[in-house]
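Source file: input_4.cif. Holds: mmCIF, C-alpha atoms.
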```cif
data_target
#
loop_
_atom_site.label_atom_id
_atom_site.label_comp_id
_atom_site.auth_asym_id
_atom_site.auth_seq_id
_atom_site.Cartn_x
_atom_site.Cartn_y
_atom_site.Cartn_z
CA MET G 1 96.56 -2.47 25.67
CA SER G 2 96.82 -3.44 29.32
CA GLN G 3 97.30 -7.06 30.29
CA PRO G 4 94.59 -8.95 32.19
CA ALA G 5 95.19 -9.55 35.86
CA VAL G 6 97.58 -12.42 36.56
CA ILE G 7 96.42 -15.18 38.88
CA THR G 8 99.14 -17.60 39.91
CA ALA G 9 97.63 -19.52 42.82
CA GLY G 10 99.39 -22.80 42.16
CA PRO G 11 99.24 -25.14 39.14
CA PRO G 12 96.20 -25.14 36.88
CA PRO G 13 93.46 -27.44 38.18
CA PRO G 14 92.25 -30.41 36.14
CA ARG G 15 89.41 -29.93 33.72
CA PRO G 16 86.10 -30.15 35.58
CA SER G 17 83.92 -33.21 35.28
CA PRO G 18 80.16 -32.92 34.68
CA PRO G 19 77.81 -33.08 37.67
CA ASP G 20 77.63 -36.56 39.17
CA ARG G 21 74.63 -38.81 38.62
CA ALA G 22 73.15 -38.14 42.05
CA THR G 23 73.28 -34.39 41.44
CA MET G 24 71.69 -34.83 38.02
CA ARG G 25 68.95 -37.07 39.39
CA ALA G 26 68.14 -34.57 42.12
CA ALA G 27 68.15 -31.67 39.65
CA GLY G 28 65.93 -33.61 37.26
CA ALA G 29 63.45 -34.50 40.00
CA ARG G 30 63.31 -30.91 41.21
CA SER G 31 62.82 -29.67 37.64
CA ALA G 32 59.86 -32.02 37.22
CA GLU G 33 58.30 -30.58 40.39
CA ILE G 34 58.87 -27.04 39.12
CA GLU G 35 57.30 -27.83 35.74
CA ALA G 36 54.16 -29.04 37.51
CA GLU G 37 54.07 -25.88 39.63
CA LEU G 38 54.62 -23.73 36.53
CA ARG G 39 51.45 -25.15 35.05
CA ARG G 40 49.51 -24.55 38.28
CA ASN G 41 50.88 -21.15 39.28
CA PRO G 42 53.19 -19.60 36.66
CA ARG G 43 52.99 -16.11 38.15
CA SER G 44 54.85 -17.27 41.24
CA PHE G 45 58.03 -17.54 39.16
CA ARG G 46 60.46 -14.85 38.09
CA ILE G 47 62.93 -16.30 35.60
CA LEU G 48 66.34 -14.95 34.61
CA THR G 49 68.14 -16.17 31.53
CA GLY G 50 70.33 -14.59 28.88
CA ASP G 51 73.17 -14.69 26.37
CA ARG G 52 76.54 -13.10 25.74
CA PRO G 53 76.43 -10.91 22.61
CA THR G 54 79.42 -12.47 20.88
CA GLY G 55 77.80 -13.09 17.50
CA GLN G 56 74.68 -14.35 15.80
CA LEU G 57 72.38 -16.79 17.55
CA HIS G 58 71.97 -20.08 15.74
CA LEU G 59 69.62 -23.03 15.40
CA GLY G 60 71.09 -24.66 18.51
CA HIS G 61 70.18 -21.59 20.56
CA TYR G 62 66.67 -21.64 19.13
CA PHE G 63 65.92 -25.25 20.09
CA GLY G 64 68.06 -25.15 23.23
CA THR G 65 66.87 -21.93 24.88
CA LEU G 66 64.75 -19.55 22.80
CA GLN G 67 61.80 -21.91 22.38
CA ASN G 68 61.77 -22.58 26.11
CA ARG G 69 61.84 -18.87 26.99
CA VAL G 70 58.82 -18.27 24.77
CA ARG G 71 57.08 -21.25 26.37
CA LEU G 72 57.68 -19.90 29.86
CA GLN G 73 56.50 -16.45 28.80
CA ASP G 74 53.35 -17.91 27.28
CA LEU G 75 52.65 -19.87 30.46
CA GLY G 76 52.53 -16.53 32.30
CA ALA G 77 55.84 -16.53 34.19
CA ASP G 78 57.79 -13.29 34.62
CA VAL G 79 60.70 -13.76 32.18
CA LEU G 80 63.77 -11.51 32.25
CA VAL G 81 66.34 -11.93 29.47
CA LEU G 82 69.80 -10.48 30.05
CA VAL G 83 72.03 -9.36 27.20
CA ALA G 84 75.27 -9.91 29.07
CA ASP G 85 77.57 -7.42 27.37
CA TYR G 86 79.87 -7.06 30.39
CA GLN G 87 80.46 -10.81 30.26
CA VAL G 88 81.89 -10.44 26.76
CA ILE G 89 84.99 -8.73 28.19
CA THR G 90 85.74 -11.60 30.57
CA ASP G 91 87.79 -13.23 27.83
CA ARG G 92 88.01 -10.81 24.86
CA ASP G 93 87.91 -7.19 23.79
CA ALA G 94 84.38 -5.86 23.28
CA GLY G 95 85.26 -4.41 19.89
CA PRO G 96 83.32 -2.07 17.62
CA ARG G 97 80.86 -4.81 16.61
CA LEU G 98 79.43 -5.23 20.10
CA ALA G 99 76.55 -2.77 19.60
CA GLY G 100 75.50 -4.60 16.46
CA HIS G 101 75.63 -7.93 18.26
CA VAL G 102 73.45 -6.56 21.07
CA LEU G 103 70.77 -5.30 18.67
CA GLY G 104 71.05 -8.57 16.74
CA LEU G 105 70.24 -10.54 19.88
CA VAL G 106 67.17 -8.40 20.52
CA ALA G 107 66.02 -8.98 16.93
CA ASP G 108 66.52 -12.74 17.38
CA TYR G 109 64.58 -12.73 20.65
CA LEU G 110 61.61 -10.86 19.23
CA ALA G 111 61.56 -12.84 15.99
CA ALA G 112 61.53 -16.07 18.02
CA GLY G 113 58.43 -14.93 19.90
CA LEU G 114 59.53 -13.04 23.00
CA ASP G 115 57.09 -10.19 23.58
CA PRO G 116 58.43 -7.00 25.21
CA ASP G 117 54.97 -6.46 26.72
CA ARG G 118 55.29 -9.75 28.61
CA SER G 119 59.05 -10.28 28.97
CA THR G 120 61.86 -7.92 30.02
CA ILE G 121 64.94 -7.67 27.80
CA PHE G 122 67.80 -5.62 29.24
CA VAL G 123 71.54 -5.01 28.93
CA HIS G 124 74.09 -5.71 31.65
CA SER G 125 76.08 -2.51 31.36
CA GLN G 126 73.00 -0.31 31.57
CA VAL G 127 71.88 -1.55 35.01
CA ALA G 128 74.56 -0.24 37.37
CA THR G 129 72.83 -1.42 40.54
CA LEU G 130 73.17 -5.06 39.49
CA ASN G 131 76.91 -4.72 39.21
CA GLN G 132 77.19 -3.02 42.62
CA LEU G 133 75.76 -6.13 44.25
CA MET G 134 78.81 -8.14 43.24
CA LEU G 135 80.92 -6.38 45.90
CA PRO G 136 79.04 -7.57 49.01
CA PHE G 137 78.52 -10.97 47.40
CA LEU G 138 82.25 -11.42 46.90
CA SER G 139 82.71 -10.99 50.65
CA LEU G 140 80.55 -14.07 51.25
CA LEU G 141 82.76 -16.45 49.28
CA SER G 142 86.33 -17.64 49.49
CA VAL G 143 88.82 -17.53 46.62
CA ALA G 144 88.90 -21.35 46.68
CA GLU G 145 85.12 -21.59 46.30
CA VAL G 146 85.10 -19.32 43.28
CA GLY G 147 88.11 -21.13 41.83
CA ARG G 148 86.27 -24.46 41.98
CA ASN G 149 83.56 -23.21 39.63
CA PRO G 150 83.76 -25.23 36.38
CA THR G 151 83.80 -22.17 34.11
CA VAL G 152 86.67 -20.63 36.08
CA LYS G 153 88.56 -23.94 36.14
CA GLU G 154 88.13 -24.43 32.41
CA GLU G 155 89.39 -20.94 31.65
CA PHE G 156 92.33 -21.33 34.03
CA ALA G 157 93.24 -24.66 32.44
CA ALA G 158 92.96 -23.15 28.96
CA THR G 159 95.48 -20.44 29.86
CA GLY G 160 97.98 -22.99 31.13
CA GLY G 161 97.81 -21.37 34.54
CA ASP G 162 99.48 -18.18 33.36
CA VAL G 163 97.03 -15.37 32.68
CA MET G 164 93.33 -15.03 33.30
CA SER G 165 91.39 -11.82 33.70
CA ALA G 166 90.16 -11.01 37.18
CA LEU G 167 86.73 -10.43 35.68
CA MET G 168 86.65 -14.02 34.43
CA PHE G 169 87.58 -15.19 37.91
CA THR G 170 84.59 -13.35 39.37
CA TYR G 171 82.29 -14.40 36.50
CA PRO G 172 80.16 -16.81 38.59
CA VAL G 173 79.71 -14.19 41.32
CA HIS G 174 78.63 -11.70 38.68
CA GLN G 175 76.01 -14.22 37.58
CA ALA G 176 74.82 -14.60 41.17
CA ALA G 177 74.42 -10.81 41.37
CA ASP G 178 72.31 -10.86 38.19
CA ILE G 179 70.04 -13.62 39.50
CA LEU G 180 69.61 -12.34 43.04
CA GLY G 181 69.60 -8.66 42.09
CA CYS G 182 66.50 -9.24 39.97
CA ARG G 183 65.07 -11.48 42.73
CA ALA G 184 64.73 -14.32 40.25
CA ASN G 185 63.71 -17.65 41.75
CA LEU G 186 64.19 -19.82 38.66
CA VAL G 187 67.08 -20.13 36.19
CA PRO G 188 66.78 -22.37 33.10
CA VAL G 189 70.12 -24.12 32.55
CA GLY G 190 71.88 -27.05 30.98
CA GLN G 191 73.59 -29.56 33.24
CA ASP G 192 76.98 -27.84 32.82
CA GLN G 193 75.54 -24.67 34.35
CA LEU G 194 74.18 -26.25 37.52
CA PRO G 195 77.25 -25.13 39.55
CA HIS G 196 76.49 -21.49 38.68
CA VAL G 197 73.01 -21.76 40.17
CA GLU G 198 74.39 -23.58 43.20
CA LEU G 199 76.86 -20.76 43.82
CA ALA G 200 74.00 -18.24 43.67
CA ARG G 201 72.12 -20.37 46.19
CA THR G 202 75.20 -20.35 48.45
CA VAL G 203 75.40 -16.55 48.25
CA ALA G 204 71.70 -16.22 49.08
CA ARG G 205 71.94 -18.52 52.09
CA ARG G 206 75.07 -16.86 53.48
CA PHE G 207 73.67 -13.38 53.05
CA ASN G 208 70.54 -14.45 54.92
CA GLN G 209 72.57 -16.06 57.70
CA ARG G 210 74.86 -13.08 58.14
CA TYR G 211 72.55 -10.12 57.63
CA SER G 212 68.96 -11.33 57.92
CA PRO G 213 68.86 -14.47 60.07
CA GLY G 214 65.40 -13.90 61.52
CA CYS G 215 63.66 -13.25 58.22
CA PRO G 216 65.55 -14.52 55.14
CA PHE G 217 65.74 -11.84 52.48
CA PHE G 218 66.93 -13.78 49.42
CA GLN G 219 65.13 -16.85 48.14
CA PRO G 220 67.74 -19.35 46.89
CA PRO G 221 66.97 -19.80 43.19
CA ASP G 222 66.16 -23.14 41.60
CA ALA G 223 67.62 -24.53 38.40
CA LEU G 224 65.26 -25.67 35.66
CA LEU G 225 66.94 -28.28 33.50
CA GLY G 226 66.02 -28.05 29.83
CA ALA G 227 64.32 -30.98 28.13
CA ALA G 228 65.46 -30.17 24.58
CA PRO G 229 68.08 -32.56 23.14
CA LEU G 230 71.52 -31.14 22.44
CA LEU G 231 71.55 -30.06 18.80
CA PRO G 232 74.80 -31.08 17.10
CA GLY G 233 76.61 -28.83 14.68
CA LEU G 234 77.51 -29.49 11.07
CA ASP G 235 80.57 -31.49 12.14
CA GLY G 236 78.80 -33.73 14.68
CA ARG G 237 80.04 -31.77 17.68
CA LYS G 238 77.96 -29.39 19.78
CA MET G 239 76.68 -26.50 17.66
CA SER G 240 78.71 -23.44 18.60
CA LYS G 241 79.51 -19.99 17.23
CA SER G 242 83.17 -20.41 18.11
CA ARG G 243 83.50 -23.74 16.26
CA GLY G 244 82.08 -22.41 13.01
CA ASN G 245 79.69 -25.38 12.77
CA ALA G 246 76.41 -23.52 13.34
CA ILE G 247 73.47 -22.40 11.20
CA PRO G 248 72.72 -18.78 12.18
CA LEU G 249 69.08 -17.85 12.55
CA ALA G 250 69.73 -14.79 10.38
CA ALA G 251 71.35 -16.75 7.53
CA THR G 252 69.67 -16.53 4.12
CA PRO G 253 68.37 -19.70 2.44
CA ASP G 254 71.37 -19.69 0.09
CA GLU G 255 73.81 -19.24 2.97
CA THR G 256 72.10 -22.09 4.80
CA ALA G 257 72.44 -24.33 1.75
CA ARG G 258 76.17 -23.51 1.44
CA LEU G 259 76.78 -24.28 5.12
CA ILE G 260 74.99 -27.61 4.94
CA ARG G 261 76.78 -28.61 1.72
CA ARG G 262 80.07 -28.27 3.63
CA ALA G 263 78.86 -30.45 6.50
CA ARG G 264 80.76 -33.62 7.26
CA THR G 265 79.17 -37.01 6.55
CA ASP G 266 80.74 -40.40 5.77
CA THR G 267 81.21 -42.76 2.82
CA GLU G 268 78.18 -45.01 3.41
CA ARG G 269 75.45 -44.40 0.86
CA HIS G 270 72.57 -45.79 2.91
CA ILE G 271 71.44 -43.21 5.45
CA SER G 272 70.75 -44.48 8.97
CA TYR G 273 70.39 -42.84 12.38
CA ASP G 274 73.27 -44.20 14.45
CA PRO G 275 74.67 -41.48 16.78
CA ASP G 276 77.47 -43.68 18.14
CA ARG G 277 78.79 -45.03 14.84
CA ARG G 278 77.83 -42.17 12.48
CA PRO G 279 77.76 -38.96 14.57
CA GLU G 280 77.98 -36.54 11.64
CA VAL G 281 75.12 -38.18 9.73
CA ALA G 282 73.08 -38.54 12.92
CA GLY G 283 73.59 -34.85 13.69
CA LEU G 284 72.23 -33.78 10.31
CA LEU G 285 69.28 -36.14 10.68
CA LEU G 286 68.49 -34.70 14.10
CA ILE G 287 68.54 -31.15 12.71
CA ALA G 288 66.06 -32.11 9.99
CA ALA G 289 63.91 -34.08 12.43
CA MET G 290 63.62 -31.22 14.90
CA CYS G 291 62.68 -28.80 12.14
CA GLN G 292 60.10 -31.25 10.79
CA GLN G 293 58.96 -32.28 14.30
CA ARG G 294 59.48 -35.95 13.52
CA GLU G 295 61.72 -38.78 14.68
CA PRO G 296 65.21 -38.88 13.09
CA GLU G 297 64.77 -42.58 12.30
CA ARG G 298 61.78 -41.75 10.08
CA VAL G 299 63.74 -39.06 8.26
CA ALA G 300 66.59 -41.52 7.67
CA ALA G 301 64.22 -44.21 6.38
CA GLU G 302 62.75 -41.82 3.81
CA ILE G 303 66.19 -40.81 2.52
CA GLY G 304 67.30 -44.45 2.33
CA ASN G 305 70.01 -44.85 -0.32
CA GLY G 306 69.98 -41.16 -1.23
CA GLY G 307 73.47 -40.76 0.18
CA ALA G 308 75.06 -37.59 1.51
CA ALA G 309 73.60 -35.44 -1.27
CA GLY G 310 70.07 -36.62 -0.52
CA LEU G 311 70.58 -36.13 3.21
CA LYS G 312 71.87 -32.58 2.80
CA ALA G 313 69.04 -31.66 0.45
CA VAL G 314 66.48 -32.81 3.03
CA VAL G 315 68.22 -30.94 5.85
CA THR G 316 68.47 -27.74 3.81
CA GLU G 317 64.79 -27.77 2.90
CA ALA G 318 63.75 -28.59 6.47
CA VAL G 319 65.80 -25.77 8.02
CA ASN G 320 64.81 -23.15 5.46
CA GLU G 321 61.11 -23.98 5.67
CA TYR G 322 61.15 -24.04 9.46
CA LEU G 323 62.97 -20.72 9.80
CA ARG G 324 61.18 -18.93 6.96
CA PRO G 325 58.65 -17.01 9.16
CA LEU G 326 61.24 -16.23 11.83
CA ARG G 327 63.67 -14.88 9.26
CA ALA G 328 61.01 -12.69 7.64
CA ARG G 329 60.12 -11.22 11.02
CA ARG G 330 63.78 -10.74 11.89
CA ARG G 331 64.46 -8.81 8.68
CA GLU G 332 61.65 -6.40 9.58
CA LEU G 333 63.01 -5.93 13.09
CA ALA G 334 66.63 -5.47 11.99
CA ALA G 335 65.49 -2.73 9.63
CA ASP G 336 64.18 -0.72 12.61
CA PRO G 337 67.07 -0.33 15.09
CA ALA G 338 65.25 2.55 16.81
CA PHE G 339 62.52 0.12 17.83
CA LEU G 340 65.08 -2.40 19.11
CA ARG G 341 66.76 0.31 21.22
CA ALA G 342 63.34 1.34 22.59
CA VAL G 343 62.74 -2.27 23.67
CA LEU G 344 66.07 -2.21 25.51
CA ARG G 345 65.41 1.14 27.16
CA ARG G 346 62.11 -0.16 28.45
CA GLY G 347 63.71 -3.37 29.72
CA ASN G 348 66.66 -1.51 31.24
CA HIS G 349 64.25 0.73 33.16
CA ARG G 350 62.39 -2.20 34.68
CA ALA G 351 65.56 -4.16 35.51
CA ALA G 352 67.08 -1.06 37.12
CA ALA G 353 63.99 -0.64 39.27
CA LEU G 354 64.13 -4.27 40.44
CA ALA G 355 67.87 -4.19 41.13
CA GLY G 356 67.61 -0.77 42.79
CA ASP G 357 65.01 -2.05 45.24
CA THR G 358 67.23 -5.04 45.98
CA LEU G 359 70.34 -2.92 46.53
CA ARG G 360 68.51 -0.54 48.86
CA SER G 361 67.29 -3.49 50.93
CA VAL G 362 70.78 -5.02 50.97
CA HIS G 363 72.29 -1.74 52.17
CA HIS G 364 69.64 -1.49 54.87
CA LEU G 365 70.26 -5.05 56.09
CA MET G 366 74.04 -4.44 56.06
CA ALA G 367 73.58 -1.22 58.06
CA MET G 368 74.87 0.80 55.12
CA ALA G 369 71.79 2.97 54.59
CA TYR G 370 73.36 6.31 55.48
#
```
Take the structure in the file and write it out as structure tokens.
Amino acid sequence: MSQPAVITAGPPPPRPSPPDRATMRAAGARSAEIEAELRRNPRSFRILTGDRPTGQLHLGHYFGTLQNRVRLQDLGADVLVLVADYQVITDRDAGPRLAGHVLGLVADYLAAGLDPDRSTIFVHSQVATLNQLMLPFLSLLSVAEVGRNPTVKEEFAATGGDVMSALMFTYPVHQAADILGCRANLVPVGQDQLPHVELARTVARRFNQRYSPGCPFFQPPDALLGAAPLLPGLDGRKMSKSRGNAIPLAATPDETARLIRRARTDTERHISYDPDRRPEVAGLLLIAAMCQQREPERVAAEIGNGGAAGLKAVVTEAVNEYLRPLRARRRELAADPAFLRAVLRRGNHRAAALAGDTLRSVHHLMAMAY
């Protein structure tokens, strides 16, 4: 197996800090303006979002992103959802399970409420024109600018400054190509992803300045900050596939019960919602509260002196009841992989048409239309 490209441009940079308060305030204010415009004129927005197919989606994904995608679709916006299979190989081998993960994502999307008649679901590797756009976009940025991206800095720091794949280094530019290639003008993100959208905005502005100064071709995309609270995992930390602290959407009721039984709590019998002092207990209460659409304090008050066993029983019932219809729909979808592939073929066709139009225009503006 060949080694990833070696990047040795000095010592590893420090771990990136989150966006400063001024940046967050500005992004929050802009997101509020966009939400108002979405209600007035949803069809003026084309939205790009997506996931890496590295495993099963979980409850954190559902409350963090899937619900919002369905909401935006139902408002009438043009929603494109990218299954970013090429981004899997930025930091790992794709492996023989990749195809199953891709179809699993599609099943999760549809079971959660995305409608292939109203939203476009497509796969990175099947839309060649999107990936071609990365080449001219790379010419608009310096190595230092790409290296300052938080995802790149985190990966570089994690390697100890020794080895990082060249594809990981260009990861944020690849994302810019996805956004601008589809001519998306809105990208739903969490605060840690704001730098990715800002880099796409930089690429758009520089392309316009260099190749289309009189009539800007690319519209710099906006970030839409999510309003959903961060759902903690079963150990009190952020719910994550890689940490093994998640509740998969596709889990059975018995599997869900086993996962929750193993969740961390503490020795206090009285259950209270105190995120600072009791993060593990608070995390479980928040999971139950979001599934029951109630306040976590009310859930805690009802459990009272029920202790960890009572808490886990409530959380298990809340999760299984909430996910019951989604899981039934997902089982039907997973049993028909031909239908899932047809959804992807349809989405790939539309995404290829959008990106093809963009690439032809880019070549024309760059005087490369031979």
So that each row is one residue of stretch 312-353 of chain G with an atom at most 10 Å from stretch 129-150 of chain G, can you give its shortest atom pair and the distance in Å to one decimal, using all atoms listed in the file, rows by chain and rising number, as CSV?
```
residue,atom,partner,partner_atom,distance
G:Ala351,CA,G:Leu130,CA,8.6
G:Ala352,CA,G:Thr129,CA,6.7
G:Ala353,CA,G:Thr129,CA,9.0
```
Check your understanding: Can you tell me, as a list in words, what residues are no more than 9 Å from G:Ala355 when counting only C-alpha atoms, ignoring any on the same chain fewer than 6 positions away?
Key ->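 Those residues are Val127, Ala128, Thr129, Leu130, Leu133, Asp178, Leu180, Gly181, Cys182 and Arg183 of chain G.
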Practice item. With the file shown as input, list the residues that the PyMOL selection byres ((chain G and resi 38) around 12) selects, as a list in words. Key: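 Written out, the selection comes to Ser31, Ala32, Glu33, Ile34, Glu35, Ala36, Glu37, Arg39, Arg40, Asn41, Pro42, Arg43, Ser44, Phe45, Arg46, Ile47, Arg71, Leu72, Gln73, Asp74, Leu75, Gly76, Ala77, Asp78, Leu186 and Leu224 of chain G.
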Practice item. Run the PyMOL selection byres ((chain G and resi 193) around 10) on the file and write out the hits as a list in words. Key: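 Going through the file, the PyMOL selection byres ((chain G and resi 193) around 10) ends up selecting Pro18, Pro19, Asn149, Pro150, Thr151, Val187, Pro188, Val189, Gly190, Gln191, Asp192, Leu194, Pro195, His196, Val197, Glu198, Ala223 and Leu225 of chain G.
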Let me know the residues the PyMOL selection byres ((chain G and resi 318-332) around 6) catches in the file above, as a short mmCIF file (atom, residue, chain, number, x, y, z; two decimals) with C-alpha atoms, in the coordinates of the input.
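See result-v6.cif below for the written result:
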```
data_model
loop_
_atom_site.label_atom_id
_atom_site.label_comp_id
_atom_site.auth_asym_id
_atom_site.auth_seq_id
_atom_site.Cartn_x
_atom_site.Cartn_y
_atom_site.Cartn_z
CA ALA G 107 66.02 -8.98 16.93
CA ALA G 111 61.56 -12.84 15.99
CA PRO G 253 68.37 -19.70 2.44
CA ALA G 288 66.06 -32.11 9.99
CA CYS G 291 62.68 -28.80 12.14
CA VAL G 315 68.22 -30.94 5.85
CA THR G 316 68.47 -27.74 3.81
CA GLU G 317 64.79 -27.77 2.90
CA LEU G 333 63.01 -5.93 13.09
CA ALA G 334 66.63 -5.47 11.99
CA ALA G 335 65.49 -2.73 9.63
#
```
Check your understanding: From the set G:Leu365, G:Ile287, G:Met164, G:Leu80, which residue has the shortest atom-to-atom contact distance to G:Val314, counting all atoms listed in the file?
Key ->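 Among G:Leu365, G:Ile287, G:Met164, G:Leu80, it is G:Ile287 that comes nearest to G:Val314.
The spacing separating atom CA of G:Gly50 from atom CA of G:Ile260 amounts to 27.6 Å.
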Check your understanding: Which polymer residues, protein or nucleic acid, are no farther than 10 Å from (79.2, -27.7, 14.4), counting only C-alpha atoms, as JSON, numbers by chain?
Key -> {"G": [60, 231, 232, 233, 234, 235, 236, 237, 238, 239, 240, 241, 242, 243, 244, 245, 246, 247, 263, 264, 280, 283]}
Practice item. Would you mind listing what lies within 10 Å of G:Arg298 as a VMD selection string, with all atoms listed in the file counted and same-chain residues fewer than 2 positions away left out? Key: chain G and resid 272 to 273 285 289 294 to 296 300 to 304
Exercise for review: State, in Å with one decimal place, the distance from atom CA of G:Thr54 to atom CA of G:Leu105.
Suggested key: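 Rounded to one decimal, the two atoms are 9.4 Å apart.
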**Study point:** Atomic distance atom CA of G:Leu110 - atom CA of G:Thr358, expressed in Å with one decimal
**Key:**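 Value for the atom CA of G:Leu110-atom CA of G:Thr358 distance: 27.9 Å.
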**Study point:** Which residue of G:Cys215, G:Leu167, G:Val102, G:Ala26 approaches G:Ile89 most closely, using only C-alpha atoms
**Key:** G:Leu167
**Study point:** Residue with smallest distance to G:Ser212 - pool G:His174, G:His364, G:Arg21, G:His270, counting all atoms listed in the file
**Key:** G:His364
